[in-house]
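Asks: File my_file.tsv follows (TSV, C-alpha atoms):
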```
chain	number	residue	atom	x	y	z
Q	1	MET	CA	100.89	231.06	194.57
Q	2	ASN	CA	100.98	229.39	197.89
Q	3	LEU	CA	103.95	227.46	199.17
Q	4	ALA	CA	102.33	224.00	198.93
Q	5	THR	CA	101.40	224.44	195.27
Q	6	ALA	CA	104.89	225.70	194.41
Q	7	ALA	CA	106.47	222.68	196.12
Q	8	ALA	CA	104.18	220.30	194.23
Q	9	LEU	CA	105.01	221.89	190.87
Q	10	SER	CA	108.74	221.80	191.62
Q	11	GLY	CA	108.52	218.13	192.60
Q	12	SER	CA	106.62	217.28	189.41
Q	13	ALA	CA	109.14	219.08	187.24
Q	14	LEU	CA	112.02	217.32	189.00
Q	15	LEU	CA	110.29	213.96	188.59
Q	16	LEU	CA	109.75	214.52	184.86
Q	17	CYS	CA	113.40	215.46	184.38
Q	18	ALA	CA	114.64	212.47	186.36
Q	19	CYS	CA	112.52	210.00	184.39
Q	20	SER	CA	113.60	211.20	181.00
Q	21	GLY	CA	116.92	210.09	179.66
Q	22	PRO	CA	118.86	209.72	176.49
Q	23	THR	CA	117.36	207.57	173.75
Q	24	VAL	CA	118.80	204.03	173.63
Q	25	ILE	CA	119.67	202.76	170.17
Q	26	ASN	CA	120.40	199.05	169.85
Q	27	THR	CA	122.32	198.07	166.71
Q	28	GLU	CA	122.64	194.37	167.52
Q	29	GLU	CA	120.78	191.71	165.56
Q	30	ARG	CA	117.46	190.87	167.13
Q	31	THR	CA	117.30	187.27	168.25
Q	32	THR	CA	114.23	185.40	169.24
Q	33	THR	CA	114.08	182.12	171.00
Q	34	THR	CA	111.23	179.82	170.21
Q	35	ALA	CA	110.43	176.87	172.39
Q	36	ALA	CA	110.39	173.47	170.76
Q	37	PRO	CA	106.90	172.28	170.03
Q	38	PRO	CA	105.57	169.91	172.68
Q	39	ALA	CA	105.90	166.22	171.96
Q	40	ALA	CA	102.87	164.75	170.32
Q	41	ALA	CA	100.65	163.08	172.84
Q	42	SER	CA	100.06	159.40	172.36
Q	43	THR	CA	96.81	158.76	170.57
Q	44	THR	CA	96.66	155.19	171.81
Q	45	VAL	CA	94.87	154.74	175.09
Q	46	ALA	CA	95.52	151.50	176.92
Q	47	SER	CA	92.41	149.36	177.19
Q	48	ASN	CA	90.77	148.52	180.48
Q	49	ALA	CA	88.34	146.07	178.89
Q	50	HIS	CA	90.07	142.92	180.15
Q	51	LEU	CA	91.49	143.83	183.56
Q	52	VAL	CA	92.01	141.15	186.19
Q	53	ASN	CA	91.79	141.79	189.91
Q	54	ALA	CA	95.36	142.75	190.87
Q	55	PHE	CA	94.75	141.49	194.41
Q	56	ASP	CA	94.73	137.92	193.05
Q	57	TYR	CA	98.36	138.35	191.94
Q	58	ALA	CA	99.75	140.17	195.00
Q	59	ALA	CA	102.51	138.58	197.05
Q	60	GLU	CA	104.90	139.90	199.64
Q	61	VAL	CA	108.58	139.27	198.93
Q	62	ASP	CA	111.31	140.68	201.18
Q	63	GLY	CA	108.79	142.90	202.95
Q	64	ARG	CA	107.45	144.50	199.75
Q	65	THR	CA	104.25	143.74	197.89
Q	66	GLY	CA	104.62	142.88	194.22
Q	67	TYR	CA	102.25	141.49	191.62
Q	68	TYR	CA	103.50	138.22	190.14
Q	69	PHE	CA	102.22	136.06	187.31
Q	70	THR	CA	103.21	133.05	185.25
Q	71	SER	CA	102.53	132.76	181.52
Q	72	PRO	CA	99.88	130.19	180.45
Q	73	SER	CA	102.68	127.99	179.04
Q	74	GLY	CA	104.49	128.07	182.39
Q	75	ARG	CA	107.67	129.09	180.57
Q	76	TRP	CA	107.87	132.69	181.85
Q	77	GLN	CA	107.53	134.28	185.26
Q	78	CYS	CA	106.90	138.01	185.52
Q	79	ALA	CA	106.28	140.69	188.12
Q	80	ILE	CA	105.12	144.25	188.51
Q	81	LYS	CA	107.00	145.96	191.31
Q	82	PRO	CA	104.83	148.98	192.17
Q	83	ARG	CA	106.15	152.32	190.91
Q	84	VAL	CA	109.54	150.71	190.11
Q	85	GLU	CA	109.50	148.21	187.24
Q	86	ALA	CA	107.84	145.35	185.39
Q	87	GLY	CA	109.90	142.44	184.14
Q	88	CYS	CA	110.03	138.79	183.11
Q	89	GLN	CA	112.49	135.91	183.18
Q	90	ASN	CA	112.62	132.29	182.07
Q	91	ALA	CA	110.79	130.12	184.64
Q	92	ASP	CA	112.76	126.97	183.80
Q	93	ALA	CA	116.19	128.46	184.32
Q	94	PRO	CA	115.78	131.94	185.82
Q	95	ALA	CA	119.48	132.40	186.50
Q	96	SER	CA	120.56	131.36	183.00
Q	97	GLY	CA	120.07	133.22	179.72
Q	98	ILE	CA	116.76	134.74	178.72
Q	99	ARG	CA	116.39	132.43	175.68
Q	100	ILE	CA	114.73	134.92	173.35
Q	101	THR	CA	115.82	134.85	169.71
Q	102	ASP	CA	118.00	137.86	168.82
Q	103	ALA	CA	118.41	138.96	172.45
Q	104	PRO	CA	121.84	140.50	173.04
Q	105	ASP	CA	124.63	138.16	174.13
Q	106	ASP	CA	125.86	140.55	176.83
Q	107	VAL	CA	124.52	143.47	178.83
Q	108	PRO	CA	126.07	145.32	181.78
Q	109	GLY	CA	125.67	143.18	184.88
Q	110	PRO	CA	125.08	144.46	188.42
Q	111	ASP	CA	128.84	144.90	188.83
Q	112	GLY	CA	129.16	146.74	185.50
Q	113	GLU	CA	130.88	143.81	183.79
Q	114	PRO	CA	129.32	142.23	180.68
Q	115	ALA	CA	127.04	139.27	181.42
Q	116	ALA	CA	124.39	137.23	179.60
Q	117	PRO	CA	120.93	138.75	180.20
Q	118	ASN	CA	118.44	136.61	182.07
Q	119	ALA	CA	115.50	139.05	182.08
Q	120	ILE	CA	113.70	141.76	180.15
Q	121	ARG	CA	112.27	144.73	182.03
Q	122	VAL	CA	110.92	148.26	181.79
Q	123	ASP	CA	111.55	150.78	184.55
Q	124	ARG	CA	109.18	153.57	185.45
Q	125	ASP	CA	111.10	156.29	183.57
Q	126	ARG	CA	113.39	154.43	181.16
Q	127	ALA	CA	113.18	152.40	178.00
Q	128	ALA	CA	112.79	148.62	178.07
Q	129	GLU	CA	116.02	146.66	178.31
Q	130	PHE	CA	117.52	143.24	178.76
Q	131	ALA	CA	119.07	142.86	182.20
Q	132	VAL	CA	120.89	140.59	184.61
Q	133	VAL	CA	118.81	140.00	187.75
Q	134	THR	CA	118.75	137.57	190.66
Q	135	ALA	CA	117.22	134.14	190.05
Q	136	THR	CA	114.00	135.11	191.86
Q	137	ALA	CA	113.65	138.74	190.74
Q	138	TYR	CA	110.35	138.15	188.92
Q	139	GLY	CA	109.26	134.78	190.28
Q	140	LEU	CA	107.93	133.33	193.50
Q	141	GLU	CA	109.40	130.44	195.48
Q	142	PRO	CA	108.74	127.63	196.07
Q	143	ASP	CA	105.50	127.65	194.05
Q	144	PRO	CA	104.98	129.57	190.81
Q	145	ALA	CA	102.75	132.64	190.70
Q	146	GLU	CA	99.15	132.56	189.50
Q	147	VAL	CA	98.74	132.18	185.72
Q	148	LEU	CA	97.71	135.35	183.86
Q	149	PRO	CA	95.28	134.02	181.22
Q	150	PHE	CA	95.51	134.98	177.56
Q	151	ASN	CA	93.94	138.34	176.72
Q	152	ARG	CA	93.77	139.52	180.32
Q	153	ILE	CA	95.53	142.63	181.64
Q	154	LEU	CA	97.21	143.01	185.02
Q	155	ALA	CA	97.39	146.77	185.70
Q	156	VAL	CA	98.72	148.16	188.96
Q	157	ALA	CA	100.78	151.08	190.29
Q	158	GLY	CA	101.79	152.61	186.96
Q	159	PHE	CA	102.43	149.41	184.98
Q	160	ARG	CA	100.36	146.97	182.96
Q	161	CYS	CA	101.15	143.55	181.50
Q	162	ASN	CA	99.23	141.06	179.37
Q	163	VAL	CA	99.74	137.75	177.57
Q	164	GLN	CA	98.44	137.14	174.04
Q	165	GLU	CA	98.80	133.99	171.93
Q	166	ALA	CA	99.81	135.96	168.83
Q	167	SER	CA	102.37	138.36	170.33
Q	168	GLY	CA	103.47	136.90	173.67
Q	169	ILE	CA	103.96	138.84	176.90
Q	170	SER	CA	103.76	142.62	176.84
Q	171	CYS	CA	104.40	145.13	179.64
Q	172	LEU	CA	104.15	148.93	179.75
Q	173	SER	CA	105.24	151.77	182.02
Q	174	GLU	CA	102.22	154.06	182.10
Q	175	THR	CA	104.51	156.87	183.28
Q	176	SER	CA	106.94	156.89	180.35
Q	177	GLY	CA	104.95	155.01	177.70
Q	178	ALA	CA	107.92	152.66	177.23
Q	179	GLY	CA	107.35	148.94	177.09
Q	180	PHE	CA	108.28	145.55	175.68
Q	181	THR	CA	106.65	142.60	173.96
Q	182	PHE	CA	108.33	139.22	173.61
Q	183	SER	CA	108.00	135.53	172.96
Q	184	ALA	CA	110.71	132.89	172.61
Q	185	GLU	CA	110.97	133.76	168.91
Q	186	GLU	CA	111.11	137.57	168.97
Q	187	TYR	CA	110.93	140.78	170.98
Q	188	ALA	CA	110.13	144.45	170.47
Q	189	THR	CA	110.58	147.50	172.67
Q	190	SER	CA	106.94	148.48	172.46
Q	191	TYR	CA	103.72	147.52	174.20
Q	192	VAL	CA	100.93	145.59	172.46
Q	193	ASP	CA	97.56	146.09	174.12
Q	194	VAL	CA	94.81	143.48	174.21
Q	195	PRO	CA	92.19	144.39	171.59
Q	196	PRO	CA	88.93	145.49	173.26
Q	197	ASP	CA	87.00	142.82	171.34
Q	198	ALA	CA	89.34	139.96	172.32
Q	199	PRO	CA	87.64	136.92	173.88
```
So, in terms of structure tokens, how does the structure I just supplied come out?

Replies:
Amino acid sequence: MNLATAAALSGSALLLCACSGPTVINTEERTTTTAAPPAAASTTVASNAHLVNAFDYAAEVDGRTGYYFTSPSGRWQCAIKPRVEAGCQNADAPASGIRITDAPDDVPGPDGEPAAPNAIRVDRDRAAEFAVVTATAYGLEPDPAEVLPFNRILAVAGFRCNVQEASGISCLSETSGAGFTFSAEEYATSYVDVPPDAP
């Protein structure tokens, strides 16, 4: 046997010995981790049947473009602030209470102290809530914003809002799926879309 073959056989034998080891016996309970099932995807797709031209509602306030509208009654002023929030407040007295039946009496104010809410809003990633905002947070001065007609949808930058005679004003964060619907008589923390066959 030549020297090269002998060296190769010795190396193979050494490798086989080094790779073998004692048998490992595990007596611990076997645990398996299963991931939670994914959340069910929403089966409701927001309608685009009644979109308005968002450009008609654009206004620059404090160097930022927002999309502002007034309800057909003139009672509410609302805004979509791109990729941030959508909200509404009372047009007659924007700094005073929201005047929605069953709205909370107090919410945390900007300073953390309890205060009467004067707006309802939905942020990009959070649930809808009543809030305390500045008097012009969702309105334009000195003139009111363009009226958003009944059964029309203003959709821009991750939010959509509409006004319907039956349900009131409704806004949605397209990112989180959270939203609100309200009128002077009631509110809900969910979005109500305009039916595709609405006039």

Asks: Write out as a list in words which residues come within 10 Å of Asp193 (chain Q) when counting all atoms listed in the file, dropping same-chain ones fewer than 5 positions away.

Replies: Thr44, Val45, Ala46, Ser47, Asn48, Asn151, Arg152, Ile153, Arg160, Cys161, Asn162, Val163, Gln164, Ser167, Ser170, Cys171, Leu172 and Thr181 of chain Q

Asks: List the spatial neighbours of region 124-133 of chain Q as a PyMOL selection string - criterion: any atom at most 9 Å away, only C-alpha atoms, same-chain residues fewer than 3 positions off excluded.

Replies: chain Q and resi 83-86+89+94-95+97-98+103-104+106-110+115-121+136-138+158-159+172-180+189-190

Asks: What does the structure give for the distance between CA of Glu141 (chain Q) and CA of Asp105 (chain Q), in Å to one decimal?

Replies: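 CA of Glu141 (chain Q) sits 27.3 Å away from CA of Asp105 (chain Q).
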
Asks: Any idea what's packed within 9 Å of Leu154 (chain Q), counting all atoms listed in the file, ignoring anything in its chain fewer than 3 positions away? Could you give it as a list of chain:residue names?

Replies: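 Everything that qualifies: Q:His50, Q:Leu51, Q:Val52, Q:Asn53, Q:Ala54, Q:Tyr57, Q:Tyr67, Q:Phe69, Q:Ile80, Q:Leu148, Q:Phe159, Q:Arg160, Q:Cys161, Q:Asn162.
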
Asks: If I take CA of Arg75 (chain Q) and CA of Tyr187 (chain Q), how far is one from the other in Å, to one decimal?

Replies: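 Taking CA of Arg75 (chain Q) as the start and CA of Tyr187 (chain Q) as the end point, the length is 15.5 Å.
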
Asks: Which is closest to Thr134 (chain Q) among Q:Cys88, Q:Ala157, Q:Ile169, Q:Ala198, if we use all atoms listed in the file?

Replies: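 Counting all atoms listed in the file, the residue closest to Thr134 (chain Q) is Q:Cys88.
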
Asks: What is the CA of Val156 (chain Q)-CA of Ser183 (chain Q) distance in Å, reported with one decimal?

Replies: 22.4 Å
